[in-house]
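Have a look at structure00.cif; it's mmCIF, C-alpha atoms and all ligand atoms:
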data_run
#
loop_
_atom_site.group_PDB
_atom_site.id
_atom_site.type_symbol
_atom_site.label_atom_id
_atom_site.label_comp_id
_atom_site.auth_asym_id
_atom_site.auth_seq_id
_atom_site.Cartn_x
_atom_site.Cartn_y
_atom_site.Cartn_z
ATOM 1 C CA MET A 1 -30.339 2.436 19.210
ATOM 2 C CA LEU A 2 -27.673 1.075 16.873
ATOM 3 C CA THR A 3 -26.250 -2.345 17.713
ATOM 4 C CA LEU A 4 -22.655 -3.336 16.968
ATOM 5 C CA TYR A 5 -21.702 -7.004 16.762
ATOM 6 C CA ASP A 6 -18.075 -7.029 17.788
ATOM 7 C CA ASN A 7 -15.234 -8.814 19.562
ATOM 8 C CA ALA A 8 -12.835 -7.156 22.021
ATOM 9 C CA GLU A 9 -9.749 -8.578 20.239
ATOM 10 C CA SER A 10 -10.718 -6.990 16.935
ATOM 11 C CA ALA A 11 -9.380 -3.582 15.988
ATOM 12 C CA ASN A 12 -11.740 -3.678 12.996
ATOM 13 C CA GLY A 13 -14.539 -3.569 15.550
ATOM 14 C CA TYR A 14 -12.696 -1.089 17.740
ATOM 15 C CA LYS A 15 -12.363 1.448 14.919
ATOM 16 C CA VAL A 16 -16.183 1.616 14.781
ATOM 17 C CA ARG A 17 -16.501 1.996 18.559
ATOM 18 C CA LEU A 18 -13.835 4.704 18.441
ATOM 19 C CA LEU A 19 -15.610 6.764 15.770
ATOM 20 C CA ALA A 20 -18.957 6.354 17.548
ATOM 21 C CA ALA A 21 -17.378 7.602 20.786
ATOM 22 C CA LEU A 22 -15.750 10.582 19.041
ATOM 23 C CA LEU A 23 -19.090 11.504 17.454
ATOM 24 C CA GLY A 24 -21.142 10.812 20.597
ATOM 25 C CA ILE A 25 -23.207 8.101 18.886
ATOM 26 C CA PRO A 26 -24.548 5.568 21.420
ATOM 27 C CA LEU A 27 -24.016 1.910 20.495
ATOM 28 C CA GLU A 28 -25.249 -1.261 22.093
ATOM 29 C CA VAL A 29 -22.381 -3.734 21.738
ATOM 30 C CA VAL A 30 -23.049 -7.461 21.389
ATOM 31 C CA TRP A 31 -19.827 -9.417 21.926
ATOM 32 C CA ILE A 32 -19.434 -12.356 19.537
ATOM 33 C CA ASP A 33 -17.041 -15.212 20.346
ATOM 34 C CA ILE A 34 -15.378 -15.288 16.910
ATOM 35 C CA PHE A 35 -12.722 -17.744 18.110
ATOM 36 C CA ARG A 36 -15.382 -20.395 18.705
ATOM 37 C CA GLY A 37 -17.309 -19.845 15.480
ATOM 38 C CA GLY A 38 -19.709 -17.236 16.848
ATOM 39 C CA SER A 39 -19.778 -15.315 13.552
ATOM 40 C CA ARG A 40 -20.416 -18.493 11.530
ATOM 41 C CA THR A 41 -23.575 -19.733 13.219
ATOM 42 C CA PRO A 42 -26.761 -20.019 11.101
ATOM 43 C CA ASP A 43 -28.289 -17.089 12.992
ATOM 44 C CA PHE A 44 -25.275 -14.846 12.458
ATOM 45 C CA LEU A 45 -24.953 -15.814 8.779
ATOM 46 C CA ALA A 46 -28.665 -15.123 8.266
ATOM 47 C CA MET A 47 -28.019 -11.614 9.575
ATOM 48 C CA SER A 48 -24.699 -11.105 7.728
ATOM 49 C CA PRO A 49 -23.529 -13.664 5.138
ATOM 50 C CA PHE A 50 -20.024 -12.168 5.363
ATOM 51 C CA GLY A 51 -19.672 -14.177 8.602
ATOM 52 C CA GLN A 52 -17.433 -11.684 10.335
ATOM 53 C CA ILE A 53 -17.607 -8.889 12.848
ATOM 54 C CA PRO A 54 -18.025 -5.947 12.946
ATOM 55 C CA VAL A 55 -21.643 -5.696 11.834
ATOM 56 C CA LEU A 56 -23.836 -2.683 12.535
ATOM 57 C CA ARG A 57 -27.561 -3.327 12.973
ATOM 58 C CA PHE A 58 -30.053 -0.481 12.665
ATOM 59 C CA PRO A 59 -33.230 -0.268 14.791
ATOM 60 C CA ASP A 60 -35.314 -1.222 11.720
ATOM 61 C CA GLY A 61 -33.337 -4.468 11.294
ATOM 62 C CA ARG A 62 -31.108 -3.474 8.371
ATOM 63 C CA VAL A 63 -27.467 -4.455 8.786
ATOM 64 C CA LEU A 64 -24.150 -3.147 7.483
ATOM 65 C CA PRO A 65 -20.961 -5.264 7.531
ATOM 66 C CA GLU A 66 -17.356 -4.169 6.819
ATOM 67 C CA SER A 67 -15.647 -1.860 9.261
ATOM 68 C CA ASN A 68 -14.708 0.826 6.742
ATOM 69 C CA ALA A 69 -18.216 0.899 5.234
ATOM 70 C CA ILE A 70 -19.580 1.358 8.756
ATOM 71 C CA LEU A 71 -17.101 4.194 9.391
ATOM 72 C CA CYS A 72 -18.258 5.979 6.227
ATOM 73 C CA HIS A 73 -21.903 5.519 7.124
ATOM 74 C CA LEU A 74 -21.533 6.882 10.656
ATOM 75 C CA ALA A 75 -19.259 9.719 9.547
ATOM 76 C CA GLU A 76 -21.565 10.970 6.783
ATOM 77 C CA GLY A 77 -22.176 14.705 7.234
ATOM 78 C CA THR A 78 -19.436 15.094 9.875
ATOM 79 C CA PRO A 79 -15.873 16.434 9.562
ATOM 80 C CA TYR A 80 -14.620 12.824 9.671
ATOM 81 C CA LEU A 81 -15.754 12.306 6.048
ATOM 82 C CA PRO A 82 -15.326 14.991 3.370
ATOM 83 C CA ALA A 83 -18.238 15.749 1.031
ATOM 84 C CA PRO A 84 -18.435 13.673 -2.189
ATOM 85 C CA GLY A 85 -15.631 14.631 -4.556
ATOM 86 C CA TYR A 86 -11.871 14.349 -4.752
ATOM 87 C CA GLU A 87 -11.198 14.721 -1.010
ATOM 88 C CA ARG A 88 -13.674 11.977 -0.159
ATOM 89 C CA SER A 89 -12.177 9.743 -2.834
ATOM 90 C CA ARG A 90 -8.743 10.236 -1.278
ATOM 91 C CA VAL A 91 -10.181 9.113 2.061
ATOM 92 C CA LEU A 92 -11.618 6.043 0.321
ATOM 93 C CA ALA A 93 -8.195 5.343 -1.193
ATOM 94 C CA TRP A 94 -6.767 5.181 2.358
ATOM 95 C CA LEU A 95 -9.596 2.880 3.458
ATOM 96 C CA PHE A 96 -8.928 0.501 0.557
ATOM 97 C CA PHE A 97 -5.204 0.675 1.291
ATOM 98 C CA GLU A 98 -5.942 -0.222 4.892
ATOM 99 C CA GLN A 99 -7.875 -3.343 3.917
ATOM 100 C CA TYR A 100 -5.662 -4.560 1.082
ATOM 101 C CA SER A 101 -2.122 -3.468 1.958
ATOM 102 C CA HIS A 102 -2.064 -2.932 5.723
ATOM 103 C CA GLU A 103 -4.596 -5.050 7.602
ATOM 104 C CA PRO A 104 -3.517 -8.456 6.163
ATOM 105 C CA TYR A 105 0.092 -7.682 7.087
ATOM 106 C CA VAL A 106 -0.358 -6.043 10.487
ATOM 107 C CA ALA A 107 -3.618 -7.494 11.836
ATOM 108 C CA THR A 108 -2.960 -11.035 10.625
ATOM 109 C CA PRO A 109 0.539 -11.329 12.190
ATOM 110 C CA ARG A 110 -1.022 -9.993 15.392
ATOM 111 C CA PHE A 111 -3.687 -12.707 15.169
ATOM 112 C CA ILE A 112 -1.073 -15.401 14.497
ATOM 113 C CA LEU A 113 1.163 -14.282 17.375
ATOM 114 C CA ARG A 114 -1.668 -13.934 19.874
ATOM 115 C CA HIS A 115 -3.896 -16.846 18.932
ATOM 116 C CA THR A 116 -1.691 -19.711 17.717
ATOM 117 C CA ARG A 117 0.771 -21.943 19.529
ATOM 118 C CA PRO A 118 4.502 -21.371 18.766
ATOM 119 C CA ASP A 119 4.649 -24.543 16.601
ATOM 120 C CA HIS A 120 1.503 -23.738 14.605
ATOM 121 C CA PRO A 121 1.955 -24.003 10.785
ATOM 122 C CA ARG A 122 0.619 -20.470 10.349
ATOM 123 C CA ARG A 123 3.760 -19.147 12.081
ATOM 124 C CA ALA A 124 5.510 -19.737 8.711
ATOM 125 C CA GLU A 125 3.502 -16.815 7.285
ATOM 126 C CA LEU A 126 5.048 -14.325 9.688
ATOM 127 C CA PRO A 127 8.233 -13.321 7.757
ATOM 128 C CA TRP A 128 6.505 -12.430 4.482
ATOM 129 C CA ARG A 129 3.492 -10.872 6.112
ATOM 130 C CA GLN A 130 5.654 -8.751 8.405
ATOM 131 C CA ALA A 131 7.846 -7.680 5.451
ATOM 132 C CA ARG A 132 4.745 -6.315 3.726
ATOM 133 C CA GLY A 133 3.579 -4.832 7.012
ATOM 134 C CA ARG A 134 6.840 -2.869 7.243
ATOM 135 C CA GLN A 135 6.204 -1.566 3.706
ATOM 136 C CA ALA A 136 2.715 -0.412 4.719
ATOM 137 C CA LEU A 137 3.991 1.246 7.901
ATOM 138 C CA ARG A 138 6.757 3.008 5.960
ATOM 139 C CA LEU A 139 4.214 4.339 3.467
ATOM 140 C CA LEU A 140 2.000 5.558 6.316
ATOM 141 C CA ASN A 141 5.012 7.114 8.010
ATOM 142 C CA ASP A 142 5.971 8.975 4.818
ATOM 143 C CA ALA A 143 2.400 10.194 4.308
ATOM 144 C CA LEU A 144 2.470 11.758 7.777
ATOM 145 C CA ALA A 145 5.758 13.612 7.228
ATOM 146 C CA SER A 146 4.202 16.987 6.526
ATOM 147 C CA SER A 147 0.748 16.981 8.126
ATOM 148 C CA SER A 148 -0.766 16.088 11.484
ATOM 149 C CA PHE A 149 -3.303 13.686 9.960
ATOM 150 C CA LEU A 150 -3.540 11.816 6.657
ATOM 151 C CA MET A 151 -5.832 14.366 5.014
ATOM 152 C CA GLY A 152 -4.250 17.466 6.527
ATOM 153 C CA GLU A 153 -4.685 19.088 9.910
ATOM 154 C CA SER A 154 -7.983 17.424 10.872
ATOM 155 C CA PRO A 155 -8.646 13.737 11.501
ATOM 156 C CA THR A 156 -10.880 11.715 9.180
ATOM 157 C CA VAL A 157 -12.027 8.101 9.077
ATOM 158 C CA ALA A 158 -8.806 7.406 7.120
ATOM 159 C CA ASP A 159 -6.824 8.081 10.306
ATOM 160 C CA LEU A 160 -9.165 6.076 12.531
ATOM 161 C CA SER A 161 -9.146 3.081 10.198
ATOM 162 C CA LEU A 162 -5.351 2.998 10.011
ATOM 163 C CA PHE A 163 -4.912 3.843 13.694
ATOM 164 C CA ALA A 164 -6.822 0.705 14.692
ATOM 165 C CA TYR A 165 -4.171 -1.942 13.988
ATOM 166 C CA THR A 166 -1.205 0.444 13.772
ATOM 167 C CA HIS A 167 -1.458 1.453 17.426
ATOM 168 C CA ARG A 168 -1.279 -2.251 18.385
ATOM 169 C CA ALA A 169 1.467 -3.083 15.868
ATOM 170 C CA ASP A 170 3.870 -4.039 18.676
ATOM 171 C CA GLU A 171 1.626 -7.078 19.250
ATOM 172 C CA ALA A 172 2.253 -8.036 15.601
ATOM 173 C CA GLY A 173 6.040 -7.917 15.971
ATOM 174 C CA PHE A 174 6.662 -4.348 14.754
ATOM 175 C CA ASP A 175 8.500 -1.548 16.514
ATOM 176 C CA LEU A 176 6.710 1.762 15.901
ATOM 177 C CA ALA A 177 9.845 3.627 17.026
ATOM 178 C CA GLU A 178 11.300 2.730 13.598
ATOM 179 C CA TYR A 179 8.651 4.992 12.018
ATOM 180 C CA PRO A 180 9.209 8.406 13.622
ATOM 181 C CA ASN A 181 5.997 10.034 12.358
ATOM 182 C CA LEU A 182 3.743 7.277 13.699
ATOM 183 C CA PRO A 183 4.022 7.623 17.518
ATOM 184 C CA PRO A 184 3.157 11.377 17.448
ATOM 185 C CA TRP A 185 0.204 10.634 15.137
ATOM 186 C CA VAL A 186 -0.972 7.886 17.510
ATOM 187 C CA GLU A 187 -0.754 10.377 20.382
ATOM 188 C CA ARG A 188 -2.691 13.005 18.408
ATOM 189 C CA ILE A 189 -5.510 10.503 17.896
ATOM 190 C CA ARG A 190 -5.422 9.483 21.569
ATOM 191 C CA ALA A 191 -5.811 13.171 22.463
ATOM 192 C CA LEU A 192 -9.027 13.657 20.446
ATOM 193 C CA PRO A 193 -11.989 14.667 22.659
ATOM 194 C CA GLY A 194 -14.117 11.597 23.347
ATOM 195 C CA PHE A 195 -11.313 9.113 22.567
ATOM 196 C CA VAL A 196 -11.857 5.630 23.991
ATOM 197 C CA ALA A 197 -9.129 3.016 24.313
ATOM 198 C CA MET A 198 -9.438 -0.481 22.854
ATOM 199 C CA GLU A 199 -10.748 -2.782 25.543
ATOM 200 C CA PRO A 200 -8.488 -5.585 26.729
ATOM 201 C CA PRO A 201 -9.937 -8.997 25.830
ATOM 202 C CA THR A 202 -11.365 -11.005 28.699
ATOM 203 C CA GLU A 203 -9.237 -13.983 27.642
ATOM 204 C CA LEU A 204 -6.830 -14.852 24.831
ATOM 205 C CA THR A 205 -8.135 -17.887 22.958
ATOM 206 C CA LEU A 206 -5.760 -20.169 21.048
ATOM 207 C CA VAL A 207 -7.056 -21.578 17.743
ATOM 208 C CA ASP A 208 -6.317 -25.064 16.350
HETATM 209 N N1 LIG B 301 -12.944 -6.659 5.974
HETATM 210 C C1 LIG B 301 -13.577 -6.895 7.236
HETATM 211 C C2 LIG B 301 -12.711 -7.837 8.045
HETATM 212 C C3 LIG B 301 -13.416 -8.251 9.301
HETATM 213 C C4 LIG B 301 -12.656 -9.334 10.024
HETATM 214 O O1 LIG B 301 -11.554 -9.761 9.616
HETATM 215 N N2 LIG B 301 -13.267 -9.804 11.107
HETATM 216 C C5 LIG B 301 -12.646 -10.821 11.893
HETATM 217 C C6 LIG B 301 -12.218 -10.260 13.239
HETATM 218 S S1 LIG B 301 -11.103 -8.907 13.035
HETATM 219 C C7 LIG B 301 -13.666 -11.926 12.155
HETATM 220 O O2 LIG B 301 -14.833 -11.662 12.362
HETATM 221 N N3 LIG B 301 -13.199 -13.177 12.162
HETATM 222 C C8 LIG B 301 -14.025 -14.303 12.445
HETATM 223 C C9 LIG B 301 -14.225 -15.191 11.254
HETATM 224 O O3 LIG B 301 -13.742 -14.878 10.156
HETATM 225 O O4 LIG B 301 -14.887 -16.221 11.454
HETATM 226 C C10 LIG B 301 -13.815 -5.592 8.000
HETATM 227 O O5 LIG B 301 -12.992 -4.676 7.865
HETATM 228 O O6 LIG B 301 -14.815 -5.491 8.707
#

Mind turning the file's structure into structure tokens?
Ligand SMILES: N[C@@H](CCC(=O)N[C@@H](CS)C(=O)NCC(=O)O)C(=O)O
Amino acid sequence: MLTLYDNAESANGYKVRLLAALLGIPLEVVWIDIFRGGSRTPDFLAMSPFGQIPVLRFPDGRVLPESNAILCHLAEGTPYLPAPGYERSRVLAWLFFEQYSHEPYVATPRFILRHTRPDHPRRAELPWRQARGRQALRLLNDALASSSFLMGESPTVADLSLFAYTHRADEAGFDLAEYPNLPPWVERIRALPGFVAMEPPTELTLVD
């Protein structure tokens, strides 16, 4: 069986669990305490020098880090990833957008708000990060003006990747009601057969 190294607070990990559930792929999940250095131990780094979750481990011991790479791997040959060519490249463009222009400005404010004390120096990052987050959400909102999903009328890994932190954007200080195309898109993803919700964390850890 495939093993996923993950943490319940991470929507990067959740996007992998979501795709696996939608495709009916069984996963053994190993929860890593990333807030206490669990992804930086010598053992973890020997497995994945990237030092972060999610990491997928195959039965033969090979590993694959990076949430969007894992999505592409699991989705190969399914409707969630178009065949090589222009359509696939457009999906990849959304995945790169997610990592470079969305995740640092939606996921990171969520991390700061949930895992630092109100007087933590990182709170100073919130205004500029959230300003860029609003830009990313506006772009996503505009892209969904004329189709049910990002690539048309069927969901792909582009939707799942961007759904992950967007559907929890309220925890990052955003109001999804300001982006009228986003709540119906979130609901369409929630309605997909096999959908699983993101698990609540067992505890919220504050970082120093
Ligand atoms: N680009 C990576 C980002 C992964 C990431 O940021 N992982 C965080 C949790 S969401 C993590 O493991 N943090 C612990 C650390 O950096 O020590 C991906 O998409 O998989």

I'd like the interatomic distance between CA of Ala145 (chain A) and CA of Ala69 (chain A), to a tenth of an Å.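 Interatomic distance, CA of Ala145 (chain A) to CA of Ala69 (chain A): 27.2 Å.
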
Just to confirm, what's the straight-line distance from CA of Gly133 (chain A) to atom O6 of ligand LIG 301 (chain B) in Å (one decimal)?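 According to the coordinates, CA of Gly133 (chain A) and atom O6 of ligand LIG 301 (chain B) are separated by 18.5 Å.
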
Pick out the residues sitting within 12 Å of region 182-194 of chain A, and hand them over as a ChimeraX atom specification; count all atoms listed in the file, and ignore anything fewer than 2 positions along from it in its own chain. /A:15,17-25,136-150,152-170,175-180,196-198

Interatomic distance between CA of Arg57 (chain A) and CA of Leu2 (chain A)?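 Separation of CA of Arg57 (chain A) and CA of Leu2 (chain A): 5.9 Å.
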
Would you place a box with edges along x, y and z of the file around all atoms of ligand LIG 301 (chain B) listed there, add 8 Å to each of its six sides, and report the centre and edge lengths in Å to one decimal, as JSON?
{"center_x": -13.0, "center_y": -10.4, "center_z": 9.6, "size_x": 19.8, "size_y": 27.5, "size_z": 23.3}

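Between Ile34 (chain A) and the residues A:Pro49, A:Pro54, A:Pro118, A:Pro79, the shortest atom-to-atom distance, using all atoms listed in the file, involves A:Pro54.
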
Taking a cut-off of 8 Å and counting all atoms listed in the file, can you build a table that, for each residue of chain A near ligand LIG 301 (chain B), reports the nearest atom pair and how far apart they are in Å (one decimal), sorted by chain then residue number, as JSON lines?
{"residue": "A:Asp6", "atom": "CA", "partner": "B:LIG301", "partner_atom": "O2", "distance": 7.8}
{"residue": "A:Asn7", "atom": "CA", "partner": "B:LIG301", "partner_atom": "C6", "distance": 7.2}
{"residue": "A:Glu9", "atom": "CA", "partner": "B:LIG301", "partner_atom": "S1", "distance": 7.3}
{"residue": "A:Ser10", "atom": "CA", "partner": "B:LIG301", "partner_atom": "S1", "distance": 4.4}
{"residue": "A:Ala11", "atom": "CA", "partner": "B:LIG301", "partner_atom": "S1", "distance": 6.3}
{"residue": "A:Asn12", "atom": "CA", "partner": "B:LIG301", "partner_atom": "S1", "distance": 5.3}
{"residue": "A:Gly13", "atom": "CA", "partner": "B:LIG301", "partner_atom": "S1", "distance": 6.8}
{"residue": "A:Ile34", "atom": "CA", "partner": "B:LIG301", "partner_atom": "C8", "distance": 4.8}
{"residue": "A:Phe35", "atom": "CA", "partner": "B:LIG301", "partner_atom": "C8", "distance": 6.8}
{"residue": "A:Gly37", "atom": "CA", "partner": "B:LIG301", "partner_atom": "O4", "distance": 5.9}
{"residue": "A:Gly38", "atom": "CA", "partner": "B:LIG301", "partner_atom": "O4", "distance": 7.3}
{"residue": "A:Ser39", "atom": "CA", "partner": "B:LIG301", "partner_atom": "O4", "distance": 5.4}
{"residue": "A:Arg40", "atom": "CA", "partner": "B:LIG301", "partner_atom": "O4", "distance": 6.0}
{"residue": "A:Gly51", "atom": "CA", "partner": "B:LIG301", "partner_atom": "O4", "distance": 5.9}
{"residue": "A:Gln52", "atom": "CA", "partner": "B:LIG301", "partner_atom": "O2", "distance": 3.3}
{"residue": "A:Ile53", "atom": "CA", "partner": "B:LIG301", "partner_atom": "O2", "distance": 4.0}
{"residue": "A:Pro54", "atom": "CA", "partner": "B:LIG301", "partner_atom": "O6", "distance": 5.3}
{"residue": "A:Val55", "atom": "CA", "partner": "B:LIG301", "partner_atom": "O6", "distance": 7.5}
{"residue": "A:Pro65", "atom": "CA", "partner": "B:LIG301", "partner_atom": "O6", "distance": 6.3}
{"residue": "A:Glu66", "atom": "CA", "partner": "B:LIG301", "partner_atom": "O6", "distance": 3.4}
{"residue": "A:Ser67", "atom": "CA", "partner": "B:LIG301", "partner_atom": "O6", "distance": 3.8}
{"residue": "A:Asn68", "atom": "CA", "partner": "B:LIG301", "partner_atom": "O5", "distance": 5.9}
{"residue": "A:Gln99", "atom": "CA", "partner": "B:LIG301", "partner_atom": "N1", "distance": 6.4}
{"residue": "A:Ala107", "atom": "CA", "partner": "B:LIG301", "partner_atom": "S1", "distance": 7.7}

Restricting the output to C-alpha atoms, write the selected residues as a JSON list (two decimals), keeping the file's coordinate frame.
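Saved the output as selection.json:
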[["chain", "number", "residue", "atom", "x", "y", "z"],
["A", 6, "ASP", "CA", -18.08, -7.03, 17.79],
["A", 7, "ASN", "CA", -15.23, -8.81, 19.56],
["A", 9, "GLU", "CA", -9.75, -8.58, 20.24],
["A", 10, "SER", "CA", -10.72, -6.99, 16.93],
["A", 11, "ALA", "CA", -9.38, -3.58, 15.99],
["A", 12, "ASN", "CA", -11.74, -3.68, 13.00],
["A", 13, "GLY", "CA", -14.54, -3.57, 15.55],
["A", 34, "ILE", "CA", -15.38, -15.29, 16.91],
["A", 35, "PHE", "CA", -12.72, -17.74, 18.11],
["A", 37, "GLY", "CA", -17.31, -19.84, 15.48],
["A", 38, "GLY", "CA", -19.71, -17.24, 16.85],
["A", 39, "SER", "CA", -19.78, -15.32, 13.55],
["A", 40, "ARG", "CA", -20.42, -18.49, 11.53],
["A", 51, "GLY", "CA", -19.67, -14.18, 8.60],
["A", 52, "GLN", "CA", -17.43, -11.68, 10.34],
["A", 53, "ILE", "CA", -17.61, -8.89, 12.85],
["A", 54, "PRO", "CA", -18.02, -5.95, 12.95],
["A", 55, "VAL", "CA", -21.64, -5.70, 11.83],
["A", 65, "PRO", "CA", -20.96, -5.26, 7.53],
["A", 66, "GLU", "CA", -17.36, -4.17, 6.82],
["A", 67, "SER", "CA", -15.65, -1.86, 9.26],
["A", 68, "ASN", "CA", -14.71, 0.83, 6.74],
["A", 99, "GLN", "CA", -7.88, -3.34, 3.92],
["A", 107, "ALA", "CA", -3.62, -7.49, 11.84]]

Once the PyMOL selection byres (((chain A and resi 27) around 7) and not hetatm) is applied to the coordinates I shared, what remains selected? I want it as a list in words.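 Against this file, the PyMOL selection byres (((chain A and resi 27) around 7) and not hetatm) returns the residues Met1, Leu2, Thr3, Leu4, Ile25, Pro26, Glu28 and Val29 of chain A.
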
Need the neighbours of (4.9, -12.5, 10.8): which residues are at most 6 Å away, counting all atoms listed in the file, as a PDB file with C-alpha atoms, in the coordinates of the input?
ATOM      1  CA  PRO A 109       0.539 -11.329  12.190  1.00  0.00           C
ATOM      2  CA  GLU A 125       3.502 -16.815   7.285  1.00  0.00           C
ATOM      3  CA  LEU A 126       5.048 -14.325   9.688  1.00  0.00           C
ATOM      4  CA  PRO A 127       8.233 -13.321   7.757  1.00  0.00           C
ATOM      5  CA  ARG A 129       3.492 -10.872   6.112  1.00  0.00           C
ATOM      6  CA  GLN A 130       5.654  -8.751   8.405  1.00  0.00           C
TER       7      GLN A 130
END

Which of A:Ala131, A:Leu113, A:Ile70, A:Ala83 sits closest to Thr205 (chain A) [using only C-alpha atoms]: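 The answer is A:Leu113, which sits nearest to Thr205 (chain A).
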
Of A:Asp119, A:Met151, A:Ile112, A:Leu56, the one sitting nearest Tyr80 (chain A) when using only C-alpha atoms is A:Met151

Specify as a PyMOL selection string each residue included when the PyMOL selection byres (((chain A and resi 207) around 10) and not hetatm) is applied to this file. chain A and resi 35-36+111-112+114-117+120+204-206+208
